[in-house]
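Asks: What follows is run.txt, compact mmCIF, C-alpha atoms.
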# COMPACT_ATOMS: atom_id res chain seq x y z
CA MET A 184 0.00 0.00 0.00
CA ARG A 185 2.84 2.31 0.91
CA GLU A 186 4.66 1.56 -2.34
CA SER A 187 1.59 2.33 -4.42
CA ARG A 188 1.18 5.65 -2.63
CA LEU A 189 4.82 6.55 -3.25
CA GLU A 190 4.45 5.54 -6.87
CA LYS A 191 1.39 7.77 -7.16
CA ILE A 192 3.26 10.72 -5.63
CA TRP A 193 6.23 10.11 -7.92
CA LYS A 194 3.96 9.90 -10.96
CA SER A 195 2.17 13.15 -10.06
CA TYR A 196 5.25 15.17 -9.07
CA LYS A 197 8.05 13.44 -10.99
CA PHE A 198 8.92 16.36 -13.23
CA SER A 199 8.64 18.89 -10.40
CA ILE A 200 10.90 16.77 -8.16
CA ILE A 201 13.48 16.43 -10.92
CA LEU A 202 13.41 20.19 -11.56
CA LEU A 203 13.74 21.03 -7.87
CA GLY A 204 16.56 18.51 -7.51
CA SER A 205 18.47 19.95 -10.44
CA ILE A 206 18.02 23.50 -9.15
CA PHE A 207 19.21 22.45 -5.67
CA ILE A 208 22.30 20.79 -7.13
CA GLY A 209 22.96 23.84 -9.32
CA SER A 210 22.59 26.18 -6.33
CA MET A 211 25.04 24.11 -4.27
CA ILE A 212 27.52 24.24 -7.14
CA GLY A 213 27.05 28.04 -7.26
CA VAL A 214 27.70 28.34 -3.50
CA LYS A 215 30.79 26.13 -3.74
CA MET A 216 32.34 27.68 -6.85
CA GLY A 217 31.30 31.29 -6.36
CA PRO A 218 31.81 33.59 -9.38
CA LYS A 219 33.55 30.74 -11.23
CA ALA A 220 30.12 29.12 -11.62
CA LYS A 221 29.40 31.64 -14.39
CA MET A 222 30.98 29.06 -16.69
CA PHE A 223 27.66 27.15 -16.56
CA LYS A 224 25.60 30.13 -17.72
CA PRO A 225 25.68 29.21 -21.46
CA LEU A 226 23.95 25.92 -20.64
CA GLY A 227 21.18 27.87 -18.89
CA ASP A 228 20.97 30.43 -21.68
CA LEU A 229 20.27 27.65 -24.19
CA PHE A 230 17.04 26.80 -22.37
CA ILE A 231 15.97 30.41 -21.78
CA ASN A 232 16.72 31.47 -25.35
CA GLY A 233 14.72 28.49 -26.60
CA MET A 234 11.72 29.57 -24.53
CA PHE A 235 12.02 33.17 -25.70
CA THR A 236 12.28 32.02 -29.31
CA ILE A 237 9.08 30.00 -29.16
CA VAL A 238 6.96 32.45 -27.19
CA VAL A 239 6.12 34.95 -29.96
CA PRO A 240 4.74 32.45 -32.52
CA LEU A 241 3.09 30.53 -29.68
CA VAL A 242 1.21 33.63 -28.46
CA PHE A 243 0.08 34.48 -31.98
CA VAL A 244 -1.20 31.03 -32.98
CA THR A 245 -2.83 30.16 -29.64
CA ILE A 246 -4.79 33.42 -29.35
CA SER A 247 -5.75 33.71 -33.00
CA SER A 248 -6.71 30.01 -33.32
CA SER A 249 -8.92 30.15 -30.21
CA ILE A 250 -10.78 33.24 -31.35
CA SER A 251 -11.03 32.22 -35.01
CA SER A 252 -12.69 28.92 -34.08
CA MET A 253 -15.22 30.46 -31.70
CA THR A 254 -18.83 30.09 -32.74
CA ASP A 255 -20.13 32.22 -29.87
CA MET A 256 -18.53 35.68 -29.81
CA ALA A 257 -20.55 36.55 -26.72
CA ARG A 258 -18.41 33.95 -24.94
CA LEU A 259 -15.27 35.86 -25.94
CA LYS A 260 -16.70 39.06 -24.44
CA LYS A 261 -17.53 37.19 -21.23
CA ILE A 262 -14.01 35.74 -21.03
CA LEU A 263 -12.39 39.16 -21.48
CA LYS A 264 -14.69 40.87 -18.95
CA THR A 265 -14.11 38.13 -16.38
CA LEU A 266 -10.38 38.24 -17.06
CA LEU A 267 -10.24 41.96 -16.26
CA VAL A 268 -12.23 41.55 -13.03
CA VAL A 269 -10.02 38.65 -11.89
CA PHE A 270 -6.78 40.51 -12.66
CA VAL A 271 -7.83 43.64 -10.76
CA SER A 272 -9.35 41.70 -7.85
CA THR A 273 -6.28 39.52 -7.19
CA GLY A 274 -4.10 42.62 -7.53
CA ALA A 275 -6.18 44.42 -4.92
CA VAL A 276 -5.89 41.47 -2.52
CA ALA A 277 -2.10 41.41 -2.99
CA SER A 278 -1.82 45.16 -2.39
CA ILE A 279 -3.82 45.05 0.85
CA LEU A 280 -1.75 42.11 2.08
CA ILE A 281 1.61 43.84 1.50
CA LEU A 282 0.28 47.06 3.08
CA CYS A 283 -0.45 45.16 6.27
CA VAL A 284 2.97 43.54 6.23
CA VAL A 285 4.99 46.74 5.68
CA TYR A 286 2.93 48.47 8.36
CA LEU A 287 3.90 45.80 10.89
CA TYR A 288 7.46 45.33 9.59
CA PRO A 289 8.74 48.53 7.91
CA PRO A 290 11.34 47.32 5.36
CA ALA A 291 13.77 50.23 5.80
CA THR A 292 14.18 49.97 9.58
CA GLY A 293 17.88 49.93 10.43
CA VAL A 294 18.93 50.24 6.78
CA VAL A 295 21.77 52.64 6.04
CA LEU A 296 22.48 53.33 2.39
CA ASN A 297 24.87 55.75 0.79
CA VAL A 298 22.56 57.52 -1.61
CA SER A 299 24.52 58.35 -4.74
CA ALA A 300 23.45 60.81 -7.38
CA SER A 301 21.96 59.52 -10.60
CA GLU A 302 20.91 60.94 -13.91
CA THR A 303 17.87 63.21 -13.90
CA LEU A 304 14.71 61.21 -14.47
CA LYS A 305 12.98 61.61 -17.78
CA PRO A 306 9.42 62.88 -17.40
CA PHE A 307 6.72 60.29 -17.87
CA SER A 308 4.84 61.01 -21.08
CA THR A 309 1.48 59.30 -20.67
CA GLY A 310 0.17 59.70 -24.22
CA GLU A 311 3.41 58.62 -25.85
CA GLN A 312 3.77 55.60 -23.56
CA ILE A 313 0.19 54.47 -24.24
CA VAL A 314 0.77 54.64 -28.00
CA SER A 315 4.03 52.69 -27.62
CA ALA A 316 2.29 50.11 -25.47
CA LEU A 317 -0.52 49.45 -27.95
CA THR A 318 1.15 49.83 -31.35
CA VAL A 319 4.40 49.43 -33.27
CA THR A 320 5.72 51.45 -36.21
CA ASP A 321 6.43 48.51 -38.52
CA PHE A 322 5.26 44.91 -38.90
CA PRO A 323 8.66 43.29 -38.16
CA LEU A 324 8.56 44.97 -34.73
CA LEU A 325 5.33 43.09 -34.07
CA ILE A 326 7.14 39.74 -33.96
CA SER A 327 9.46 40.78 -31.15
CA ARG A 328 8.89 39.72 -27.54
CA LYS A 329 9.65 43.33 -26.58
CA ASN A 330 6.27 44.29 -28.05
CA MET A 331 3.98 41.64 -26.61
CA LEU A 332 0.92 43.82 -26.02
CA PRO A 333 0.73 44.97 -29.67
CA LEU A 334 1.20 41.33 -30.71
CA ILE A 335 -1.67 40.23 -28.44
CA ILE A 336 -3.94 42.96 -29.84
CA PHE A 337 -3.00 41.98 -33.41
CA SER A 338 -3.66 38.31 -32.61
CA LEU A 339 -7.09 39.15 -31.16
CA VAL A 340 -8.02 41.21 -34.24
CA PHE A 341 -6.59 38.63 -36.66
CA GLY A 342 -8.49 35.78 -35.02
CA ALA A 343 -11.73 37.80 -34.97
CA CYS A 344 -11.37 38.67 -38.67
CA VAL A 345 -10.72 35.03 -39.59
CA ASN A 346 -13.90 34.21 -37.68
CA LYS A 347 -15.85 36.96 -39.46
CA ILE A 348 -15.15 35.76 -43.02
CA GLY A 349 -17.10 32.58 -42.37
CA GLU A 350 -16.52 29.45 -44.41
CA LYS A 351 -13.30 30.72 -46.02
CA GLY A 352 -11.83 31.35 -42.60
CA LYS A 353 -12.32 27.76 -41.41
CA ILE A 354 -9.31 26.62 -43.45
CA ILE A 355 -7.13 29.26 -41.81
CA SER A 356 -8.57 28.45 -38.40
CA LYS A 357 -7.73 24.75 -38.75
CA GLY A 358 -4.24 25.68 -39.91
CA LEU A 359 -3.72 27.91 -36.88
CA ASP A 360 -4.95 25.15 -34.59
CA ALA A 361 -2.49 22.69 -36.14
CA LEU A 362 0.33 25.22 -35.78
CA ALA A 363 -0.54 25.66 -32.11
CA ASP A 364 -0.14 21.90 -31.62
CA VAL A 365 3.23 22.00 -33.41
CA PHE A 366 4.59 24.78 -31.22
CA LEU A 367 3.33 23.10 -28.06
CA LYS A 368 5.14 19.93 -29.14
CA ILE A 369 8.32 22.01 -29.48
CA VAL A 370 7.74 23.17 -25.90
CA ASP A 371 7.54 19.53 -24.81
CA LEU A 372 10.94 18.90 -26.39
CA LEU A 373 12.43 22.00 -24.73
CA MET A 374 11.18 20.86 -21.34
CA LEU A 375 13.23 17.67 -21.64
CA TYR A 376 16.29 19.90 -21.40
CA ALA A 377 14.83 22.02 -18.58
CA PRO A 378 16.51 20.19 -15.64
CA ILE A 379 19.97 20.72 -17.14
CA GLY A 380 19.24 24.28 -18.30
CA LEU A 381 17.68 25.49 -15.06
CA GLY A 382 20.27 23.75 -12.89
CA ALA A 383 23.08 25.42 -14.83
CA TYR A 384 21.35 28.79 -14.72
CA PHE A 385 20.93 28.63 -10.95
CA ALA A 386 24.56 27.66 -10.49
CA ALA A 387 25.64 30.77 -12.40
CA LEU A 388 23.04 32.98 -10.69
CA ILE A 389 23.92 31.97 -7.12
CA GLY A 390 27.62 32.03 -7.86
CA GLU A 391 27.52 35.58 -9.23
CA TYR A 392 24.88 37.35 -7.12
CA GLY A 393 24.47 35.27 -3.94
CA GLN A 394 26.45 37.75 -1.84
CA GLU A 395 24.13 40.64 -2.77
CA LEU A 396 21.37 39.09 -0.66
CA LEU A 397 23.49 39.78 2.44
CA GLY A 398 23.83 43.52 1.79
CA SER A 399 21.89 46.59 2.88
CA TYR A 400 18.66 45.33 1.34
CA ALA A 401 18.56 42.20 3.51
CA ARG A 402 15.60 43.39 5.64
CA ALA A 403 13.44 44.21 2.60
CA LEU A 404 14.29 40.85 1.05
CA ALA A 405 13.68 39.07 4.37
CA ILE A 406 10.16 40.51 4.26
CA TYR A 407 9.45 39.99 0.58
CA TYR A 408 10.72 36.44 -0.04
CA PRO A 409 8.74 34.80 2.80
CA LEU A 410 5.69 36.90 1.91
CA CYS A 411 5.72 35.56 -1.66
CA LEU A 412 5.94 32.03 -0.30
CA VAL A 413 3.03 32.70 2.08
CA TYR A 414 0.98 34.21 -0.78
CA PHE A 415 1.78 31.18 -2.92
CA VAL A 416 0.66 28.61 -0.32
CA THR A 417 -2.34 30.52 1.06
CA ALA A 418 -3.85 32.88 -1.54
CA PHE A 419 -3.48 30.48 -4.47
CA PRO A 420 -5.26 27.59 -2.70
CA ILE A 421 -8.07 29.99 -1.73
CA TYR A 422 -8.40 31.16 -5.35
CA ALA A 423 -8.25 27.55 -6.53
CA TYR A 424 -11.00 26.57 -4.06
CA ILE A 425 -13.17 29.42 -5.36
CA ALA A 426 -12.42 28.26 -8.90
CA GLY A 427 -13.13 24.57 -8.47
CA GLY A 428 -13.68 23.55 -4.84
CA LYS A 429 -11.55 20.66 -3.56
CA ASN A 430 -10.81 19.59 -7.13
CA GLY A 431 -9.39 23.04 -7.80
CA VAL A 432 -7.03 22.75 -4.83
CA LYS A 433 -5.95 19.27 -5.98
CA SER A 434 -5.12 20.73 -9.39
CA LEU A 435 -2.57 23.12 -7.90
CA LYS A 436 0.11 20.44 -8.20
CA HIS A 437 0.30 21.41 -11.88
CA ILE A 438 1.47 24.98 -11.11
CA ILE A 439 4.75 23.78 -9.58
CA PRO A 440 6.66 23.49 -12.92
CA PRO A 441 5.57 27.01 -14.01
CA ALA A 442 6.56 28.39 -10.60
CA ILE A 443 10.01 26.78 -10.79
CA THR A 444 10.52 27.91 -14.39
CA ALA A 445 9.49 31.46 -13.47
CA VAL A 446 11.99 31.66 -10.60
CA ALA A 447 14.79 30.46 -12.86
CA THR A 448 14.02 32.50 -15.98
CA GLN A 449 12.64 35.59 -14.17
CA SER A 450 10.25 36.02 -17.10
CA SER A 451 6.50 35.47 -17.31
CA LEU A 452 6.82 35.23 -21.08
CA ALA A 453 9.43 32.48 -20.91
CA THR A 454 7.11 30.63 -18.52
CA LEU A 455 4.08 30.96 -20.82
CA PRO A 456 4.61 27.65 -22.68
CA VAL A 457 4.86 25.77 -19.37
CA ASN A 458 1.74 27.56 -18.11
CA LEU A 459 -0.22 26.51 -21.18
CA GLU A 460 0.71 22.90 -20.55
CA ALA A 461 -0.20 23.22 -16.85
CA CYS A 462 -3.65 24.63 -17.67
CA GLU A 463 -4.25 21.84 -20.16
CA ASN A 464 -3.38 19.26 -17.49
CA ILE A 465 -5.72 20.99 -15.03
CA GLY A 466 -8.57 20.96 -17.53
CA VAL A 467 -9.02 24.68 -18.24
CA PRO A 468 -10.94 24.93 -21.54
CA LYS A 469 -8.73 25.53 -24.57
CA ASP A 470 -10.19 28.89 -25.57
CA ILE A 471 -9.95 30.24 -22.02
CA ARG A 472 -6.34 29.18 -21.40
CA GLU A 473 -5.19 30.38 -24.81
CA ILE A 474 -6.68 33.83 -24.23
CA VAL A 475 -6.09 34.34 -20.50
CA LEU A 476 -2.50 33.08 -20.27
CA PRO A 477 -0.87 35.15 -23.06
CA ILE A 478 -2.64 38.29 -21.83
CA GLY A 479 -1.83 37.38 -18.24
CA ALA A 480 1.87 37.04 -19.05
CA THR A 481 1.79 40.70 -19.99
CA ALA A 482 -0.88 42.19 -17.74
CA HIS A 483 -1.41 40.06 -14.61
CA MET A 484 1.30 40.80 -12.08
CA ASP A 485 0.38 40.16 -8.45
CA GLY A 486 4.07 39.78 -7.62
CA THR A 487 4.70 43.21 -9.12
CA VAL A 488 1.87 44.61 -6.98
CA LEU A 489 3.56 43.21 -3.88
CA SER A 490 6.98 44.56 -4.84
CA THR A 491 5.65 48.02 -5.80
CA ILE A 492 4.29 48.75 -2.33
CA LEU A 493 7.44 47.29 -0.78
CA LYS A 494 9.50 49.77 -2.84
CA ILE A 495 7.24 52.70 -1.89
CA SER A 496 7.43 51.83 1.81
CA PHE A 497 11.20 51.33 1.57
CA LEU A 498 11.71 54.79 0.05
CA PHE A 499 9.50 56.41 2.69
CA GLY A 500 11.67 54.83 5.35
CA ILE A 501 14.99 55.71 3.69
CA PHE A 502 14.00 59.38 3.40
CA GLN A 503 12.42 59.34 6.88
CA VAL A 504 8.90 60.12 5.67
CA PRO A 505 6.09 58.40 7.64
CA PHE A 506 4.36 55.80 5.48
CA GLU A 507 0.88 56.37 6.87
CA GLY A 508 -2.50 57.92 6.13
CA ILE A 509 -5.47 56.83 4.01
CA GLY A 510 -4.35 58.99 1.09
CA THR A 511 -0.90 57.39 1.06
CA TYR A 512 -2.32 53.89 1.29
CA VAL A 513 -4.93 54.43 -1.44
CA SER A 514 -2.38 56.00 -3.80
CA ALA A 515 0.02 53.11 -3.14
CA ILE A 516 -2.71 50.55 -3.91
CA LEU A 517 -3.74 52.31 -7.13
CA LEU A 518 -0.14 52.72 -8.25
CA SER A 519 0.68 49.08 -7.50
CA ILE A 520 -2.36 47.77 -9.42
CA ALA A 521 -1.56 50.10 -12.33
CA GLY A 522 2.00 48.78 -12.26
CA GLY A 523 0.79 45.18 -12.20
CA VAL A 524 -2.05 45.36 -14.71
CA VAL A 525 -1.21 48.30 -16.98
CA MET A 526 2.46 49.29 -16.82
CA SER A 527 3.64 45.72 -17.44
CA GLY A 528 2.40 46.11 -21.01
CA VAL A 529 4.41 49.29 -21.56
CA PRO A 530 7.92 48.87 -23.00
CA GLY A 531 10.32 49.19 -20.08
CA GLY A 532 7.29 49.10 -17.78
CA GLY A 533 9.24 48.02 -14.71
CA LEU A 534 11.61 50.97 -14.79
CA ILE A 535 8.80 53.34 -15.77
CA GLY A 536 6.79 52.13 -12.79
CA GLU A 537 9.77 52.87 -10.55
CA MET A 538 10.12 56.32 -12.12
CA LEU A 539 6.43 56.91 -11.40
CA ILE A 540 6.97 56.06 -7.73
CA VAL A 541 9.82 58.57 -7.49
CA THR A 542 8.02 61.38 -9.31
CA MET A 543 4.54 60.81 -7.87
CA TYR A 544 5.71 61.08 -4.27
CA GLY A 545 8.26 63.82 -4.95
CA PHE A 546 11.40 61.86 -4.06
CA PRO A 547 14.73 63.17 -5.38
CA PRO A 548 16.27 61.50 -8.45
CA GLU A 549 18.73 59.67 -6.19
CA ALA A 550 15.83 57.47 -5.08
CA PHE A 551 15.54 55.82 -8.47
CA PRO A 552 18.64 53.58 -8.34
CA ILE A 553 17.66 52.49 -4.82
CA ILE A 554 14.30 51.01 -5.83
CA ALA A 555 15.67 49.85 -9.19
CA THR A 556 18.10 47.68 -7.21
CA ILE A 557 15.27 46.34 -5.04
CA GLY A 558 13.32 45.59 -8.21
CA TYR A 559 16.20 43.51 -9.50
CA LEU A 560 16.70 41.60 -6.22
CA VAL A 561 13.02 40.73 -5.72
CA ASP A 562 12.45 39.76 -9.35
CA PRO A 563 12.71 35.93 -8.96
CA PRO A 564 9.90 35.48 -6.38
CA ALA A 565 7.86 38.29 -7.98
CA THR A 566 7.97 36.50 -11.33
CA MET A 567 7.00 33.25 -9.63
CA ILE A 568 3.85 34.89 -8.27
CA ASN A 569 3.18 36.67 -11.57
CA ALA A 570 3.53 33.60 -13.77
CA SER A 571 2.01 30.86 -11.63
CA GLY A 572 -0.76 33.31 -10.72
CA ASP A 573 -1.73 33.36 -14.41
CA THR A 574 -2.66 29.68 -14.20
CA VAL A 575 -4.78 30.30 -11.09
CA ALA A 576 -6.40 33.29 -12.84
CA ALA A 577 -7.28 31.06 -15.80
CA MET A 578 -8.96 28.66 -13.37
CA LEU A 579 -10.98 31.53 -11.88
CA VAL A 580 -12.05 32.73 -15.33
CA ALA A 581 -13.10 29.16 -16.20
CA ARG A 582 -15.21 29.05 -13.02
CA PHE A 583 -17.20 32.16 -13.90
CA VAL A 584 -17.49 31.42 -17.63
CA GLU A 585 -18.17 27.67 -17.47
CA GLY A 586 -19.97 27.46 -14.13
CA LYS A 587 -18.99 26.15 -10.70
CA ASN A 588 -18.90 22.48 -11.78
CA TRP A 589 -16.44 22.93 -14.65
CA LEU A 590 -13.81 20.66 -13.04
CA ASP A 591 -16.15 17.94 -11.82
CA ASP A 592 -16.43 16.08 -15.14
CA LYS A 593 -12.66 15.69 -15.40
CA PHE A 594 -12.23 14.39 -11.86
CA ASN A 595 -15.32 12.18 -12.04
CA GLY A 596 -13.99 10.71 -15.25
CA LYS A 597 -10.68 9.88 -13.57
CA GLU A 598 -12.42 8.24 -10.64
CA SER A 599 -14.61 6.11 -12.88
Could I get this file's structure written as structure tokens?

Replies:
Amino acid sequence: MRESRLEKIWKSYKFSIILLGSIFIGSMIGVKMGPKAKMFKPLGDLFINGMFTIVVPLVFVTISSSISSMTDMARLKKILKTLLVVFVSTGAVASILILCVVYLYPPATGVVLNVSASETLKPFSTGEQIVSALTVTDFPLLISRKNMLPLIIFSLVFGACVNKIGEKGKIISKGLDALADVFLKIVDLLMLYAPIGLGAYFAALIGEYGQELLGSYARALAIYYPLCLVYFVTAFPIYAYIAGGKNGVKSLKHIIPPAITAVATQSSLATLPVNLEACENIGVPKDIREIVLPIGATAHMDGTVLSTILKISFLFGIFQVPFEGIGTYVSAILLSIAGGVVMSGVPGGGLIGEMLIVTMYGFPPEAFPIIATIGYLVDPPATMINASGDTVAAMLVARFVEGKNWLDDKFNGKES
């Protein structure tokens, strides 16, 4: 009986265990070798570059094929409306949580930093940034991962137009669907190399930057890293229960590979192929996962929401300004949600969001490199929350589009 249980656990978590094992071994190599471990970085870059290479065509074919094959366009509107509500709602929960934490444990307490001068910040041009976020100046720029939001918009429009032309469009729709299967098969092949690639990447990462975690930012990191873990093991199960009851919570085992990939690659886009596979294994309907996940990789950033308020609170503490008052809290929440849902789609959105923090609260330009450094150091766990949260968001969207029993058929089928 015990052996069968172990076999069941191994079968369910085999890939996750292998990934975690390879990352642990890589990290130990990084600790042992120090900066010399950078020699392993090319092996990690092979995996990451492969993921980045596949993500642009994958986004295009998955979104456009899902929309082009839809017979009920009212369903598309419902998916998009639900998606927006879910993204904003989870962002609001994350912002309230981090506000409570930084109130109890101010991240800048006892921190002494030598604030060095930096270049004058460029003013934030709202109109120009919105245009840059939504459009590109030439078609070749559309097929770059640096312009994902324009690509998503183009894919939505392309799929809708294929749908609109009726019978002629069915040929194109079937072709797009076949292409989606081809690219997902390429992802399967890439994931065979993932244990080696991610292990090597972690060896180089820990070897080169491990000492930075012991510097002046240690208190902020000591708050943020455990908080992300707590959010992962508490908020996600709650969302999963809302999405599918006990079956939804059971399905969370599938978000472990995306979470691990996100920590290693520090990119929601690079994690997108793994997320698509996770949602398929969970049972999220094809059209929902192929719309929610690509958009979520660009515009659903609960980890960014958490880090934004951490940065704001840290700056308040560094410059000895009390981080208190309803106005301060509300502005921090709005800015963090904007950073997580809107600014992530703007080219250079992370840095622009940090510039907004500095300019909105009237901090001197010297504040920018301080929070830019924090942004870099908290990126791994933030990306983990961002990327794996997309899978949970897709489950929530499925719940409100398909109904509360959307997971029951899959689990009942397994039991029978």

Asks: Using only C-alpha atoms, can you tell me which of A:Ser490, A:Leu367, A:Ala550, A:Ala277 comes closest to Ala461 (chain A)?

Replies: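 For Ala461 (chain A), the nearest of the given residues is A:Leu367.
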
Asks: With 12 Å as the cut-off and all atoms listed in the file counted, what is the closest atom pair between each nearby residue of region 411-433 of chain A and region 473-488 of chain A? Distances in Å to one decimal, ordered by chain and number, as CSV.

Replies:
residue,atom,partner,partner_atom,distance
A:Cys411,CA,A:Gly486,CA,7.5
A:Leu412,CA,A:Gly486,CA,10.8
A:Tyr414,CA,A:Gly486,CA,9.3
A:Phe415,CA,A:Gly486,CA,10.1
A:Ala418,CA,A:Asp485,CA,10.9
A:Phe419,CA,A:Asp485,CA,11.2

Asks: Find, counting only C-alpha atoms, the residue in A:Leu455, A:Ile501, A:Ile471, A:Val513 that gets nearest to Phe583 (chain A).

Replies: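 Of A:Leu455, A:Ile501, A:Ile471, A:Val513, the one nearest Phe583 (chain A) is A:Ile471, counting only C-alpha atoms.
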
Asks: For CA of Val416 (chain A) and CA of Leu435 (chain A), determine how far apart the two atoms are, in Å to one decimal place.

Replies: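 Separation of CA of Val416 (chain A) and CA of Leu435 (chain A): 9.9 Å.
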
Asks: Quick check, in Å to one decimal: how far apart do CA of Leu325 (chain A) and CA of Ile250 (chain A) lie?

Replies: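 According to the coordinates, CA of Leu325 (chain A) and CA of Ile250 (chain A) are separated by 19.1 Å.
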
Asks: What separation in Å, quoted to one decimal, exists between CA of Leu373 (chain A) and CA of Leu579 (chain A)?

Replies: 28.4 Å

Asks: For Asn588 (chain A), which residue out of A:Leu381, A:Ala291, A:Ile262, A:Ile425 is the nearest one, using all atoms listed in the file?

Replies: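 Using all atoms listed in the file, the shortest distance to Asn588 (chain A) belongs to A:Ile425.
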
Asks: Need the neighbours of (-1.7, 51.3, -1.9): which residues are at most 9 Å away, counting only C-alpha atoms, as a list in words?

Replies: Ala275, Ser278, Ile279, Ile281, Leu282, Thr491, Ile492, Ile509, Gly510, Thr511, Tyr512, Val513, Ser514, Ala515, Ile516, Leu517, Leu518, Ser519 and Ile520 of chain A

Asks: Find, counting only C-alpha atoms, the residue in A:Ile553, A:Val504, A:Ala361, A:Val239 that gets nearest to Lys329 (chain A).

Replies: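 Of A:Ile553, A:Val504, A:Ala361, A:Val239, the one nearest Lys329 (chain A) is A:Val239, counting only C-alpha atoms.
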
Asks: Write out as a ChimeraX atom specification each polymer residue whose atoms come within 7 Å of region 332-344 of chain A, counting all atoms listed in the file; drop sequence neighbours fewer than 4 positions from it.

Replies: /A:243,246-248,250-251,316-319,325-326,348,478,481,528

Asks: So that I can see what lies close to region 555-567 of chain A, please list as a PDB file with C-alpha atoms, in the coordinates of the input the residues with an atom at most 10 Å from it, counting all atoms listed in the file and leaving out residues fewer than 2 positions away in the same chain.

Replies:
ATOM      1  CA  TYR A 392      24.880  37.350  -7.120  1.00  0.00           C
ATOM      2  CA  GLU A 395      24.130  40.640  -2.770  1.00  0.00           C
ATOM      3  CA  LEU A 396      21.370  39.090  -0.660  1.00  0.00           C
ATOM      4  CA  TYR A 400      18.660  45.330   1.340  1.00  0.00           C
ATOM      5  CA  ALA A 401      18.560  42.200   3.510  1.00  0.00           C
ATOM      6  CA  ALA A 403      13.440  44.210   2.600  1.00  0.00           C
ATOM      7  CA  LEU A 404      14.290  40.850   1.050  1.00  0.00           C
ATOM      8  CA  TYR A 407       9.450  39.990   0.580  1.00  0.00           C
ATOM      9  CA  TYR A 408      10.720  36.440  -0.040  1.00  0.00           C
ATOM     10  CA  PRO A 409       8.740  34.800   2.800  1.00  0.00           C
ATOM     11  CA  LEU A 410       5.690  36.900   1.910  1.00  0.00           C
ATOM     12  CA  CYS A 411       5.720  35.560  -1.660  1.00  0.00           C
ATOM     13  CA  LEU A 412       5.940  32.030  -0.300  1.00  0.00           C
ATOM     14  CA  PHE A 415       1.780  31.180  -2.920  1.00  0.00           C
ATOM     15  CA  ILE A 439       4.750  23.780  -9.580  1.00  0.00           C
ATOM     16  CA  PRO A 441       5.570  27.010 -14.010  1.00  0.00           C
ATOM     17  CA  ALA A 442       6.560  28.390 -10.600  1.00  0.00           C
ATOM     18  CA  ILE A 443      10.010  26.780 -10.790  1.00  0.00           C
ATOM     19  CA  THR A 444      10.520  27.910 -14.390  1.00  0.00           C
ATOM     20  CA  ALA A 445       9.490  31.460 -13.470  1.00  0.00           C
ATOM     21  CA  VAL A 446      11.990  31.660 -10.600  1.00  0.00           C
ATOM     22  CA  ALA A 447      14.790  30.460 -12.860  1.00  0.00           C
ATOM     23  CA  THR A 448      14.020  32.500 -15.980  1.00  0.00           C
ATOM     24  CA  GLN A 449      12.640  35.590 -14.170  1.00  0.00           C
ATOM     25  CA  SER A 450      10.250  36.020 -17.100  1.00  0.00           C
ATOM     26  CA  SER A 451       6.500  35.470 -17.310  1.00  0.00           C
ATOM     27  CA  LEU A 452       6.820  35.230 -21.080  1.00  0.00           C
ATOM     28  CA  THR A 454       7.110  30.630 -18.520  1.00  0.00           C
ATOM     29  CA  ALA A 480       1.870  37.040 -19.050  1.00  0.00           C
ATOM     30  CA  MET A 484       1.300  40.800 -12.080  1.00  0.00           C
ATOM     31  CA  ASP A 485       0.380  40.160  -8.450  1.00  0.00           C
ATOM     32  CA  GLY A 486       4.070  39.780  -7.620  1.00  0.00           C
ATOM     33  CA  THR A 487       4.700  43.210  -9.120  1.00  0.00           C
ATOM     34  CA  VAL A 488       1.870  44.610  -6.980  1.00  0.00           C
ATOM     35  CA  LEU A 489       3.560  43.210  -3.880  1.00  0.00           C
ATOM     36  CA  SER A 490       6.980  44.560  -4.840  1.00  0.00           C
ATOM     37  CA  THR A 491       5.650  48.020  -5.800  1.00  0.00           C
ATOM     38  CA  LEU A 493       7.440  47.290  -0.780  1.00  0.00           C
ATOM     39  CA  LYS A 494       9.500  49.770  -2.840  1.00  0.00           C
ATOM     40  CA  PHE A 497      11.200  51.330   1.570  1.00  0.00           C
ATOM     41  CA  GLY A 533       9.240  48.020 -14.710  1.00  0.00           C
ATOM     42  CA  LEU A 534      11.610  50.970 -14.790  1.00  0.00           C
ATOM     43  CA  GLY A 536       6.790  52.130 -12.790  1.00  0.00           C
ATOM     44  CA  GLU A 537       9.770  52.870 -10.550  1.00  0.00           C
ATOM     45  CA  MET A 538      10.120  56.320 -12.120  1.00  0.00           C
ATOM     46  CA  ALA A 550      15.830  57.470  -5.080  1.00  0.00           C
ATOM     47  CA  PHE A 551      15.540  55.820  -8.470  1.00  0.00           C
ATOM     48  CA  PRO A 552      18.640  53.580  -8.340  1.00  0.00           C
ATOM     49  CA  ILE A 553      17.660  52.490  -4.820  1.00  0.00           C
ATOM     50  CA  ASN A 569       3.180  36.670 -11.570  1.00  0.00           C
ATOM     51  CA  ALA A 570       3.530  33.600 -13.770  1.00  0.00           C
ATOM     52  CA  SER A 571       2.010  30.860 -11.630  1.00  0.00           C
ATOM     53  CA  GLY A 572      -0.760  33.310 -10.720  1.00  0.00           C
ATOM     54  CA  ASP A 573      -1.730  33.360 -14.410  1.00  0.00           C
TER      55      ASP A 573
END

Asks: Determine the nearest neighbour of Ile206 (chain A) from the options A:Gly349, A:Leu590, A:Cys283, A:Pro440, counting all atoms listed in the file.

Replies: A:Pro440

Asks: Please list as number ranges by chain every residue within 9 Å of Phe499 (chain A), counting all atoms listed in the file and excluding residues in the same chain fewer than 6 positions away.

Replies: A: 291, 505-506, 546

Asks: I need the chosen residues saved as a compact mmCIF listing (two decimals), in the coordinates of the input, with C-alpha atoms.

Replies:
# COMPACT_ATOMS: atom_id res chain seq x y z
CA ALA A 291 13.77 50.23 5.80
CA PRO A 505 6.09 58.40 7.64
CA PHE A 506 4.36 55.80 5.48
CA PHE A 546 11.40 61.86 -4.06
